[in-house]
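Engineer: Quick one, my_file14.cif (mmCIF, C-alpha atoms; chains and numbers go by the auth columns):
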```cif
data_upload
loop_
_atom_site.group_PDB
_atom_site.id
_atom_site.type_symbol
_atom_site.label_atom_id
_atom_site.label_comp_id
_atom_site.label_asym_id
_atom_site.label_seq_id
_atom_site.Cartn_x
_atom_site.Cartn_y
_atom_site.Cartn_z
_atom_site.B_iso_or_equiv
_atom_site.auth_seq_id
_atom_site.auth_asym_id
ATOM 1 C CA MET A 1 -4.967 -10.704 -11.821 0.00 153 A
ATOM 2 C CA LEU A 2 -3.388 -8.420 -9.232 0.00 154 A
ATOM 3 C CA THR A 3 -0.708 -10.149 -7.143 0.00 155 A
ATOM 4 C CA MET A 4 1.708 -9.202 -4.369 0.00 156 A
ATOM 5 C CA LYS A 5 4.990 -10.827 -3.449 0.00 157 A
ATOM 6 C CA SER A 6 7.673 -9.814 -0.974 0.00 158 A
ATOM 7 C CA THR A 7 10.900 -8.674 -2.619 0.00 159 A
ATOM 8 C CA PRO A 8 14.044 -10.856 -2.321 0.00 160 A
ATOM 9 C CA ASN A 9 15.504 -8.839 0.580 0.00 161 A
ATOM 10 C CA HIS A 10 12.102 -8.278 2.218 0.00 162 A
ATOM 11 C CA THR A 11 12.484 -4.532 1.775 0.00 163 A
ATOM 12 C CA GLY A 12 9.101 -4.209 0.175 0.00 164 A
ATOM 13 C CA VAL A 13 6.376 -5.807 -1.876 0.00 165 A
ATOM 14 C CA LYS A 14 6.212 -6.250 -5.630 0.00 166 A
ATOM 15 C CA ILE A 15 2.727 -5.390 -6.886 0.00 167 A
ATOM 16 C CA SER A 16 2.070 -7.040 -10.253 0.00 168 A
ATOM 17 C CA GLY A 17 -0.728 -7.193 -12.774 0.00 169 A
ATOM 18 C CA ASP A 18 -1.596 -6.526 -16.372 0.00 170 A
ATOM 19 C CA TYR A 19 -2.392 -3.012 -17.541 0.00 171 A
ATOM 20 C CA PHE A 20 -6.090 -3.342 -16.715 0.00 172 A
ATOM 21 C CA ASP A 21 -5.442 -4.720 -13.207 0.00 173 A
ATOM 22 C CA LEU A 22 -3.222 -1.789 -12.312 0.00 174 A
ATOM 23 C CA ASP A 23 -5.457 0.789 -13.951 0.00 175 A
ATOM 24 C CA GLU A 24 -8.490 -0.588 -12.107 0.00 176 A
ATOM 25 C CA LEU A 25 -6.645 -0.305 -8.798 0.00 177 A
ATOM 26 C CA ASN A 26 -5.609 3.262 -9.526 0.00 178 A
ATOM 27 C CA GLN A 27 -9.120 4.285 -10.501 0.00 179 A
ATOM 28 C CA ALA A 28 -10.413 2.808 -7.230 0.00 180 A
ATOM 29 C CA PHE A 29 -7.756 4.727 -5.272 0.00 181 A
ATOM 30 C CA TYR A 30 -8.678 8.014 -6.941 0.00 182 A
ATOM 31 C CA LYS A 31 -12.386 7.497 -6.330 0.00 183 A
ATOM 32 C CA VAL A 32 -12.209 6.369 -2.697 0.00 184 A
ATOM 33 C CA ILE A 33 -9.598 8.806 -1.334 0.00 185 A
ATOM 34 C CA GLY A 34 -11.407 11.750 -2.900 0.00 186 A
ATOM 35 C CA LYS A 35 -10.159 15.089 -4.124 0.00 187 A
ATOM 36 C CA GLU A 36 -7.626 17.351 -2.425 0.00 188 A
ATOM 37 C CA ASP A 37 -8.858 18.536 0.994 0.00 189 A
ATOM 38 C CA GLN A 38 -12.183 16.735 0.520 0.00 190 A
ATOM 39 C CA TYR A 39 -11.737 15.004 3.871 0.00 191 A
ATOM 40 C CA HIS A 40 -10.403 17.282 6.582 0.00 192 A
ATOM 41 C CA GLY A 41 -7.595 15.681 8.585 0.00 193 A
ATOM 42 C CA TYR A 42 -6.862 13.052 5.959 0.00 194 A
ATOM 43 C CA GLU A 43 -4.824 14.965 3.383 0.00 195 A
ATOM 44 C CA GLY A 44 -1.521 13.536 4.634 0.00 196 A
ATOM 45 C CA SER A 45 -2.793 9.963 4.352 0.00 197 A
ATOM 46 C CA ARG A 46 -4.322 10.746 0.969 0.00 198 A
ATOM 47 C CA ARG A 47 -0.941 11.914 -0.318 0.00 199 A
ATOM 48 C CA ARG A 48 0.753 8.717 0.898 0.00 200 A
ATOM 49 C CA ILE A 49 -1.721 6.613 -1.053 0.00 201 A
ATOM 50 C CA LEU A 50 -1.224 8.851 -4.068 0.00 202 A
ATOM 51 C CA GLY A 51 2.490 8.064 -3.778 0.00 203 A
ATOM 52 C CA ILE A 52 1.718 4.374 -4.204 0.00 204 A
ATOM 53 C CA SER A 53 -0.697 5.232 -7.000 0.00 205 A
ATOM 54 C CA TYR A 54 2.095 7.127 -8.767 0.00 206 A
ATOM 55 C CA GLU A 55 4.306 4.029 -8.781 0.00 207 A
ATOM 56 C CA ILE A 56 1.472 1.809 -9.991 0.00 208 A
ATOM 57 C CA ARG A 57 0.542 4.247 -12.757 0.00 209 A
ATOM 58 C CA HIS A 58 4.137 4.362 -13.987 0.00 210 A
ATOM 59 C CA ALA A 59 4.333 0.582 -13.775 0.00 211 A
ATOM 60 C CA ALA A 60 1.252 0.309 -16.018 0.00 212 A
ATOM 61 C CA GLN A 61 2.977 2.655 -18.479 0.00 213 A
ATOM 62 C CA GLY A 62 5.945 0.277 -18.621 0.00 214 A
ATOM 63 C CA ASP A 63 8.283 2.569 -16.689 0.00 215 A
ATOM 64 C CA ARG A 64 9.054 0.050 -13.931 0.00 216 A
ATOM 65 C CA ASN A 65 9.280 -3.754 -14.291 0.00 217 A
ATOM 66 C CA VAL A 66 7.932 -5.825 -17.190 0.00 218 A
ATOM 67 C CA ASP A 67 7.474 -9.597 -16.825 0.00 219 A
ATOM 68 C CA PHE A 68 6.066 -12.398 -18.959 0.00 220 A
ATOM 69 C CA VAL A 69 3.554 -14.605 -17.144 0.00 221 A
ATOM 70 C CA PHE A 70 2.069 -17.906 -18.370 0.00 222 A
ATOM 71 C CA ASN A 71 -1.557 -17.333 -19.333 0.00 223 A
ATOM 72 C CA GLY A 72 -2.844 -20.927 -19.285 0.00 224 A
ATOM 73 C CA LEU A 73 -2.846 -21.415 -23.054 0.00 225 A
ATOM 74 C CA HIS A 74 -1.429 -24.886 -23.756 0.00 226 A
ATOM 75 C CA GLU A 75 -0.220 -26.251 -27.063 0.00 227 A
ATOM 76 C CA HIS A 76 -3.025 -28.829 -27.243 0.00 228 A
ATOM 77 C CA THR A 77 -5.587 -26.026 -26.875 0.00 229 A
ATOM 78 C CA MET A 78 -4.105 -24.171 -29.844 0.00 230 A
ATOM 79 C CA LYS A 79 -4.157 -27.371 -31.901 0.00 231 A
ATOM 80 C CA GLN A 80 -7.737 -28.099 -30.863 0.00 232 A
ATOM 81 C CA HIS A 81 -8.961 -24.669 -31.963 0.00 233 A
ATOM 82 C CA GLY A 82 -6.606 -24.281 -34.897 0.00 234 A
ATOM 83 C CA PHE A 83 -4.729 -21.112 -34.014 0.00 235 A
ATOM 84 C CA ILE A 84 -1.334 -19.965 -32.816 0.00 236 A
ATOM 85 C CA ALA A 85 -1.052 -17.405 -30.013 0.00 237 A
ATOM 86 C CA PRO A 86 1.396 -16.411 -27.267 0.00 238 A
ATOM 87 C CA ASP A 87 1.278 -18.530 -24.110 0.00 239 A
ATOM 88 C CA LYS A 88 2.412 -15.609 -21.949 0.00 240 A
ATOM 89 C CA ASN A 89 0.866 -12.291 -20.988 0.00 241 A
ATOM 90 C CA ILE A 90 2.718 -9.099 -20.172 0.00 242 A
ATOM 91 C CA TYR A 91 2.587 -8.123 -16.502 0.00 243 A
ATOM 92 C CA PHE A 92 3.776 -4.811 -15.145 0.00 244 A
ATOM 93 C CA SER A 93 5.003 -4.332 -11.591 0.00 245 A
ATOM 94 C CA ALA A 94 6.436 -1.881 -9.076 0.00 246 A
ATOM 95 C CA GLU A 95 7.983 -2.258 -5.622 0.00 247 A
ATOM 96 C CA ILE A 96 6.567 -0.501 -2.572 0.00 248 A
ATOM 97 C CA LEU A 97 8.273 -0.400 0.838 0.00 249 A
ATOM 98 C CA TRP A 98 6.640 -2.674 3.417 0.00 250 A
ATOM 99 C CA PRO A 99 5.833 0.049 5.998 0.00 251 A
ATOM 100 C CA GLU A 100 4.382 2.282 3.262 0.00 252 A
ATOM 101 C CA LEU A 101 2.139 -0.487 1.979 0.00 253 A
ATOM 102 C CA ILE A 102 0.950 -1.547 5.419 0.00 254 A
ATOM 103 C CA TYR A 103 0.062 2.021 6.320 0.00 255 A
ATOM 104 C CA ALA A 104 -1.885 2.422 3.070 0.00 256 A
ATOM 105 C CA ALA A 105 -3.937 -0.692 3.848 0.00 257 A
ATOM 106 C CA ILE A 106 -4.727 0.724 7.301 0.00 258 A
ATOM 107 C CA ALA A 107 -5.544 4.242 6.072 0.00 259 A
ATOM 108 C CA LEU A 108 -7.864 2.898 3.397 0.00 260 A
ATOM 109 C CA LYS A 109 -10.181 1.629 6.133 0.00 261 A
ATOM 110 C CA ASP A 110 -10.931 5.241 7.041 0.00 262 A
ATOM 111 C CA PHE A 111 -11.274 6.317 3.426 0.00 263 A
ATOM 112 C CA VAL A 112 -13.697 3.475 2.720 0.00 264 A
ATOM 113 C CA SER A 113 -15.822 4.576 5.675 0.00 265 A
ATOM 114 C CA LEU A 114 -15.792 8.205 4.527 0.00 266 A
ATOM 115 C CA TYR A 115 -16.598 7.189 0.962 0.00 267 A
ATOM 116 C CA GLN A 116 -19.551 5.085 2.082 0.00 268 A
ATOM 117 C CA LYS A 117 -20.931 7.853 4.281 0.00 269 A
ATOM 118 C CA ARG A 118 -20.493 10.784 1.901 0.00 270 A
ATOM 119 C CA VAL A 119 -20.245 9.474 -1.655 0.00 271 A
ATOM 120 C CA SER A 120 -21.689 6.030 -2.331 0.00 272 A
ATOM 121 C CA GLN A 121 -23.894 3.863 -0.156 0.00 273 A
ATOM 122 C CA SER A 122 -24.600 1.399 -2.947 0.00 274 A
ATOM 123 C CA ILE A 123 -23.817 -2.240 -2.173 0.00 275 A
ATOM 124 C CA TRP A 124 -23.051 -2.578 -5.900 0.00 276 A
ATOM 125 C CA ASP A 125 -20.259 -0.006 -5.897 0.00 277 A
ATOM 126 C CA VAL A 126 -17.557 -1.181 -8.313 0.00 278 A
ATOM 127 C CA HIS A 127 -14.596 0.489 -6.579 0.00 279 A
ATOM 128 C CA LEU A 128 -14.889 -0.875 -3.035 0.00 280 A
ATOM 129 C CA PRO A 129 -14.290 -4.551 -3.943 0.00 281 A
ATOM 130 C CA VAL A 130 -11.032 -3.471 -5.624 0.00 282 A
ATOM 131 C CA ILE A 131 -9.921 -1.701 -2.439 0.00 283 A
ATOM 132 C CA TYR A 132 -10.926 -4.669 -0.282 0.00 284 A
ATOM 133 C CA ARG A 133 -8.909 -7.004 -2.488 0.00 285 A
ATOM 134 C CA PHE A 134 -5.895 -4.694 -2.282 0.00 286 A
ATOM 135 C CA GLN A 135 -6.079 -4.701 1.530 0.00 287 A
ATOM 136 C CA SER A 136 -6.578 -8.472 1.599 0.00 288 A
ATOM 137 C CA LEU A 137 -3.547 -9.036 -0.624 0.00 289 A
ATOM 138 C CA VAL A 138 -1.392 -6.895 1.669 0.00 290 A
ATOM 139 C CA LEU A 139 -2.458 -8.939 4.692 0.00 291 A
ATOM 140 C CA ASP A 140 -2.117 -12.242 2.839 0.00 292 A
ATOM 141 C CA CYS A 141 1.419 -11.340 1.757 0.00 293 A
ATOM 142 C CA LEU A 142 2.235 -10.221 5.299 0.00 294 A
ATOM 143 C CA GLN A 143 0.935 -13.493 6.721 0.00 295 A
ATOM 144 C CA GLY A 144 3.491 -15.408 4.693 0.00 296 A
ATOM 145 C CA HIS A 145 6.379 -13.591 6.378 0.00 297 A
ATOM 146 C CA VAL A 146 5.482 -13.377 10.066 0.00 298 A
ATOM 147 C CA PRO A 147 4.809 -16.101 12.684 0.00 299 A
ATOM 148 C CA ASP A 148 1.175 -17.182 13.040 0.00 300 A
ATOM 149 C CA GLU A 149 0.749 -15.844 16.570 0.00 301 A
ATOM 150 C CA GLU A 150 2.154 -12.458 15.618 0.00 302 A
ATOM 151 C CA TYR A 151 -0.065 -12.351 12.537 0.00 303 A
ATOM 152 C CA GLU A 152 -3.138 -12.946 14.694 0.00 304 A
ATOM 153 C CA SER A 153 -2.096 -10.001 16.868 0.00 305 A
ATOM 154 C CA ILE A 154 -1.652 -7.842 13.778 0.00 306 A
ATOM 155 C CA LEU A 155 -5.129 -8.779 12.565 0.00 307 A
ATOM 156 C CA LYS A 156 -6.570 -7.729 15.916 0.00 308 A
ATOM 157 C CA GLY A 157 -4.699 -4.448 15.577 0.00 309 A
ATOM 158 C CA PHE A 158 -6.106 -3.927 12.090 0.00 310 A
ATOM 159 C CA ASN A 159 -9.608 -4.549 13.392 0.00 311 A
ATOM 160 C CA GLN A 160 -9.350 -2.006 16.188 0.00 312 A
ATOM 161 C CA PRO A 161 -11.359 1.210 15.711 0.00 313 A
ATOM 162 C CA VAL A 162 -8.213 3.324 15.337 0.00 314 A
ATOM 163 C CA THR A 163 -8.473 6.296 13.009 0.00 315 A
ATOM 164 C CA VAL A 164 -5.768 7.941 10.907 0.00 316 A
ATOM 165 C CA ASP A 165 -7.528 11.306 11.168 0.00 317 A
ATOM 166 C CA ASP A 166 -4.758 13.901 11.615 0.00 318 A
ATOM 167 C CA TYR A 167 -2.130 11.146 11.517 0.00 319 A
ATOM 168 C CA ALA A 168 1.526 12.149 11.765 0.00 320 A
ATOM 169 C CA ILE A 169 2.436 10.697 8.388 0.00 321 A
ATOM 170 C CA GLN A 170 6.081 11.563 9.033 0.00 322 A
ATOM 171 C CA TYR A 171 6.067 8.443 11.228 0.00 323 A
ATOM 172 C CA VAL A 172 5.708 6.348 8.071 0.00 324 A
ATOM 173 C CA ASP A 173 8.901 7.946 6.770 0.00 325 A
ATOM 174 C CA LEU A 174 10.610 7.061 10.039 0.00 326 A
ATOM 175 C CA MET A 175 9.503 3.419 9.719 0.00 327 A
ATOM 176 C CA ASN A 176 10.516 3.321 6.050 0.00 328 A
ATOM 177 C CA LEU A 177 14.015 4.629 6.727 0.00 329 A
ATOM 178 C CA LYS A 178 14.557 2.323 9.687 0.00 330 A
ATOM 179 C CA TYR A 179 13.447 -0.618 7.579 0.00 331 A
ATOM 180 C CA ILE A 180 15.679 0.290 4.642 0.00 332 A
ATOM 181 C CA GLY A 181 18.664 0.523 7.017 0.00 333 A
ATOM 182 C CA MET A 182 18.218 -3.018 8.317 0.00 334 A
ATOM 183 C CA THR A 183 19.765 -6.215 7.029 0.00 335 A
ATOM 184 C CA LYS A 184 17.554 -8.829 5.393 0.00 336 A
ATOM 185 C CA GLU A 185 17.526 -10.887 8.582 0.00 337 A
ATOM 186 C CA GLN A 186 16.609 -7.855 10.711 0.00 338 A
ATOM 187 C CA ARG A 187 13.740 -7.032 8.380 0.00 339 A
ATOM 188 C CA GLU A 188 12.377 -10.553 8.663 0.00 340 A
ATOM 189 C CA LYS A 189 12.370 -10.271 12.450 0.00 341 A
ATOM 190 C CA SER A 190 11.052 -6.699 12.586 0.00 342 A
ATOM 191 C CA LEU A 191 8.230 -6.803 10.048 0.00 343 A
ATOM 192 C CA SER A 192 5.521 -7.845 12.495 0.00 344 A
ATOM 193 C CA THR A 193 6.647 -5.221 15.029 0.00 345 A
ATOM 194 C CA ILE A 194 6.483 -2.452 12.439 0.00 346 A
ATOM 195 C CA ALA A 195 3.068 -3.643 11.277 0.00 347 A
ATOM 196 C CA MET A 196 1.786 -3.521 14.864 0.00 348 A
ATOM 197 C CA LYS A 197 3.225 -0.045 15.449 0.00 349 A
ATOM 198 C CA LEU A 198 1.430 1.250 12.381 0.00 350 A
ATOM 199 C CA ALA A 199 -1.809 -0.537 13.230 0.00 351 A
ATOM 200 C CA VAL A 200 -2.272 0.331 16.910 0.00 352 A
ATOM 201 C CA GLN A 201 -0.512 3.722 17.215 0.00 353 A
ATOM 202 C CA ASP A 202 1.482 2.756 20.319 0.00 354 A
ATOM 203 C CA ASN A 203 3.297 4.959 22.848 0.00 355 A
ATOM 204 C CA ASP A 204 6.269 5.465 20.518 0.00 356 A
ATOM 205 C CA TYR A 205 3.953 6.847 17.853 0.00 357 A
ATOM 206 C CA GLN A 206 2.108 9.067 20.329 0.00 358 A
ATOM 207 C CA ALA A 207 5.413 10.547 21.561 0.00 359 A
ATOM 208 C CA PHE A 208 6.540 11.105 17.973 0.00 360 A
ATOM 209 C CA ARG A 209 3.232 12.794 17.121 0.00 361 A
ATOM 210 C CA LYS A 210 3.607 15.179 20.070 0.00 362 A
ATOM 211 C CA GLN A 211 7.045 16.181 18.799 0.00 363 A
ATOM 212 C CA VAL A 212 5.639 16.884 15.340 0.00 364 A
ATOM 213 C CA LEU A 213 2.742 18.881 16.781 0.00 365 A
ATOM 214 C CA SER A 214 5.096 20.992 18.873 0.00 366 A
ATOM 215 C CA ALA A 215 6.877 21.906 15.661 0.00 367 A
ATOM 216 C CA ALA A 216 3.573 22.638 13.939 0.00 368 A
ATOM 217 C CA THR A 217 2.187 25.068 16.532 0.00 369 A
ATOM 218 C CA PRO A 218 4.365 28.166 15.905 0.00 370 A
ATOM 219 C CA GLY A 219 3.552 28.325 12.187 0.00 371 A
ATOM 220 C CA LYS A 220 0.036 26.957 12.603 0.00 372 A
ATOM 221 C CA LYS A 221 0.651 24.421 9.864 0.00 373 A
ATOM 222 C CA GLN A 222 -1.400 21.282 9.482 0.00 374 A
ATOM 223 C CA ILE A 223 0.375 18.243 10.835 0.00 375 A
ATOM 224 C CA HIS A 224 1.006 16.676 7.427 0.00 376 A
ATOM 225 C CA GLU A 225 2.681 19.877 6.211 0.00 377 A
ATOM 226 C CA ILE A 226 5.452 19.780 8.811 0.00 378 A
ATOM 227 C CA GLU A 227 8.731 18.800 7.208 0.00 379 A
ATOM 228 C CA VAL A 228 11.084 16.420 8.928 0.00 380 A
ATOM 229 C CA SER A 229 14.621 15.473 8.047 0.00 381 A
ATOM 230 C CA ALA A 230 13.917 12.262 6.147 0.00 382 A
ATOM 231 C CA LYS A 231 16.289 11.740 3.266 0.00 383 A
ATOM 232 C CA TYR A 232 15.794 8.485 1.424 0.00 384 A
ATOM 233 C CA PRO A 233 18.808 6.794 -0.175 0.00 385 A
ATOM 234 C CA GLU A 234 18.884 7.124 -3.938 0.00 386 A
ATOM 235 C CA ASP A 235 19.366 3.392 -4.340 0.00 387 A
ATOM 236 C CA PHE A 236 18.896 0.322 -2.171 0.00 388 A
ATOM 237 C CA GLU A 237 18.371 -3.400 -2.619 0.00 389 A
ATOM 238 C CA TRP A 238 14.793 -4.575 -2.843 0.00 390 A
#
```
Can you present the structure in this file as structure tokens?
Structural biologist:
Amino acid sequence: MLTMKSTPNHTGVKISGDYFDLDELNQAFYKVIGKEDQYHGYEGSRRRILGISYEIRHAAQGDRNVDFVFNGLHEHTMKQHGFIAPDKNIYFSAEILWPELIYAAIALKDFVSLYQKRVSQSIWDVHLPVIYRFQSLVLDCLQGHVPDEEYESILKGFNQPVTVDDYAIQYVDLMNLKYIGMTKEQREKSLSTIAMKLAVQDNDYQAFRKQVLSAATPGKKQIHEIEVSAKYPEDFEW
């Protein structure tokens, strides 16, 4: 079963599951976000989700964290059925920065809509429930770390018809770096604010986007191709 839990210093979220949980999530990502340049204006957001997919894929390969999780098999059950088996399953996990994960949950709303319009209109589609569960887990984990009133505001922001078409994905880097640079206490207080900024695309985002676009115009690059000075630290506490 796929699970999410905030990391000890609230820097990010630990996504955990067995091999099949993580592989199922990755397959759903690949299917819903489409191929390169399949959706004009969404390539930047697609690449951000692929970044999360990369971490999950490596987690499933055992390159990140490996944990042993109780599987519900009790000693009396083994005696009853006359066999001996492990009472723990292997779970793999990877950490994803909070702003990165929140943005992915938001961007996937657009990708789901595009997927339903252009690829699959079947109510029995096997990939969409996996995406919906991923988004629900992000929000459920977020709810456990922000005040109730602020969470309700975030939910309203998530439900607004805001699109990430031509989104300045460099803003996610800005939020990530700010968040990494905070103390644990500052992160706890700022999480809801960052979630709202990503959800509603406020004035700060609009001003940032204009700056990015002004840099994009001379070379006629697409907005997601504009490089910004965003150097992540090689190591930080999760």
Engineer: Nearest to Ile167 (chain A) among A:Gly214, A:Phe286, A:Pro251, A:Gly196, with distances taken over only C-alpha atoms: which residue is it?
Structural biologist: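 Smallest separation from Ile167 (chain A) among the options: A:Phe286.
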Engineer: Which neighbours of Gly203 (chain A) fall inside 10 Å, counting all atoms listed in the file, when residues of the same chain fewer than 5 positions from it are skipped, and could you give them as an MDAnalysis selection string?
Structural biologist: chainID A and resid 197:198 208:209 248 252 256
Engineer: Please produce an output containing C-alpha atoms for each residue in the selection, written as a JSON list (two decimals), in the frame of the given file.
Structural biologist:
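What follows is the written file again_26.json:
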```json
[["chain", "number", "residue", "atom", "x", "y", "z"],
["A", 197, "SER", "CA", -2.79, 9.96, 4.35],
["A", 198, "ARG", "CA", -4.32, 10.75, 0.97],
["A", 208, "ILE", "CA", 1.47, 1.81, -9.99],
["A", 209, "ARG", "CA", 0.54, 4.25, -12.76],
["A", 248, "ILE", "CA", 6.57, -0.50, -2.57],
["A", 252, "GLU", "CA", 4.38, 2.28, 3.26],
["A", 256, "ALA", "CA", -1.88, 2.42, 3.07]]
```
Engineer: Please write the residues picked by the PyMOL selection byres ((chain A and resi 245) around 9) on this file as a PyMOL selection string.
Structural biologist: chain A and resi 166-170+174+207-208+211-212+214+216-219+243-244+246-247
Engineer: Using 12 Å as the limit and counting only C-alpha atoms, can you tabulate each residue of region 233-306 of chain A that touches region 341-348 of chain A, with its shortest atom-to-atom distance in Å and the two atoms involved, as a tab-separated table?
Structural biologist:
```
residue	atom	partner	partner_atom	distance
A:Leu249	CA	A:Leu343	CA	11.2
A:Trp250	CA	A:Leu343	CA	8.0
A:Pro251	CA	A:Ile346	CA	6.9
A:Glu252	CA	A:Ala347	CA	10.1
A:Leu253	CA	A:Ala347	CA	9.9
A:Ile254	CA	A:Ala347	CA	6.6
A:Tyr255	CA	A:Ala347	CA	8.1
A:Ala256	CA	A:Ala347	CA	11.3
A:Ala257	CA	A:Ala347	CA	10.6
A:Ile258	CA	A:Ala347	CA	9.8
A:Val290	CA	A:Ala347	CA	11.1
A:Leu291	CA	A:Ala347	CA	10.1
A:Cys293	CA	A:Leu343	CA	11.6
A:Leu294	CA	A:Ser344	CA	8.3
A:Gln295	CA	A:Ser344	CA	9.3
A:Gly296	CA	A:Ser344	CA	11.1
A:His297	CA	A:Leu343	CA	7.9
A:Val298	CA	A:Ser344	CA	6.0
A:Pro299	CA	A:Ser344	CA	8.3
A:Asp300	CA	A:Ser344	CA	10.3
A:Glu301	CA	A:Ser344	CA	10.2
A:Glu302	CA	A:Ser344	CA	6.5
A:Tyr303	CA	A:Ser344	CA	7.2
A:Glu304	CA	A:Ser344	CA	10.3
A:Ser305	CA	A:Met348	CA	7.8
A:Ile306	CA	A:Met348	CA	5.6
```
Engineer: Expanded to explicit residues, what is the PyMOL selection byres ((chain A and resi 183-185) around 12) for this file, as a PyMOL selection string?
Structural biologist: chain A and resi 176-182+186-192+194-202+205+256+259-272+277-284
Engineer: Evaluated on this file, the PyMOL selection byres ((chain A and resi 374) around 10) picks out some residues - which ones are they, written as a ChimeraX atom specification?
Structural biologist: /A:193,195-196,318,320,365,368-369,371-373,375-378
Engineer: Taking all atoms of region 310-314 of chain A that appear in the file, build a box with edges along x, y and z, extend it by 5 Å on every side, and state its centre and edge lengths in Å to one decimal, as JSON.
Structural biologist:
```
{"center_x": -8.7, "center_y": -0.6, "center_z": 14.1, "size_x": 15.3, "size_y": 17.9, "size_z": 14.1}
```
Engineer: CA of Val316 (chain A) and CA of Gly164 (chain A), how far apart in Å?
Structural biologist: 22.0 Å
Engineer: How many Å lie between CA of Phe172 (chain A) and CA of Met153 (chain A), rounded to one decimal?
Structural biologist: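 Calculated distance between CA of Phe172 (chain A) and CA of Met153 (chain A) is 8.9 Å.
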Engineer: In Å, with one decimal, what is the gap from CA of Ser274 (chain A) to CA of Gln287 (chain A)?
Structural biologist: 20.0 Å
Engineer: Using all atoms listed in the file for the distances, tell me which of A:Tyr323, A:Asp354, A:Glu389, A:Lys362 is nearest to Thr159 (chain A).
Structural biologist: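 Ranked by minimum distance to Thr159 (chain A), first place goes to A:Glu389.
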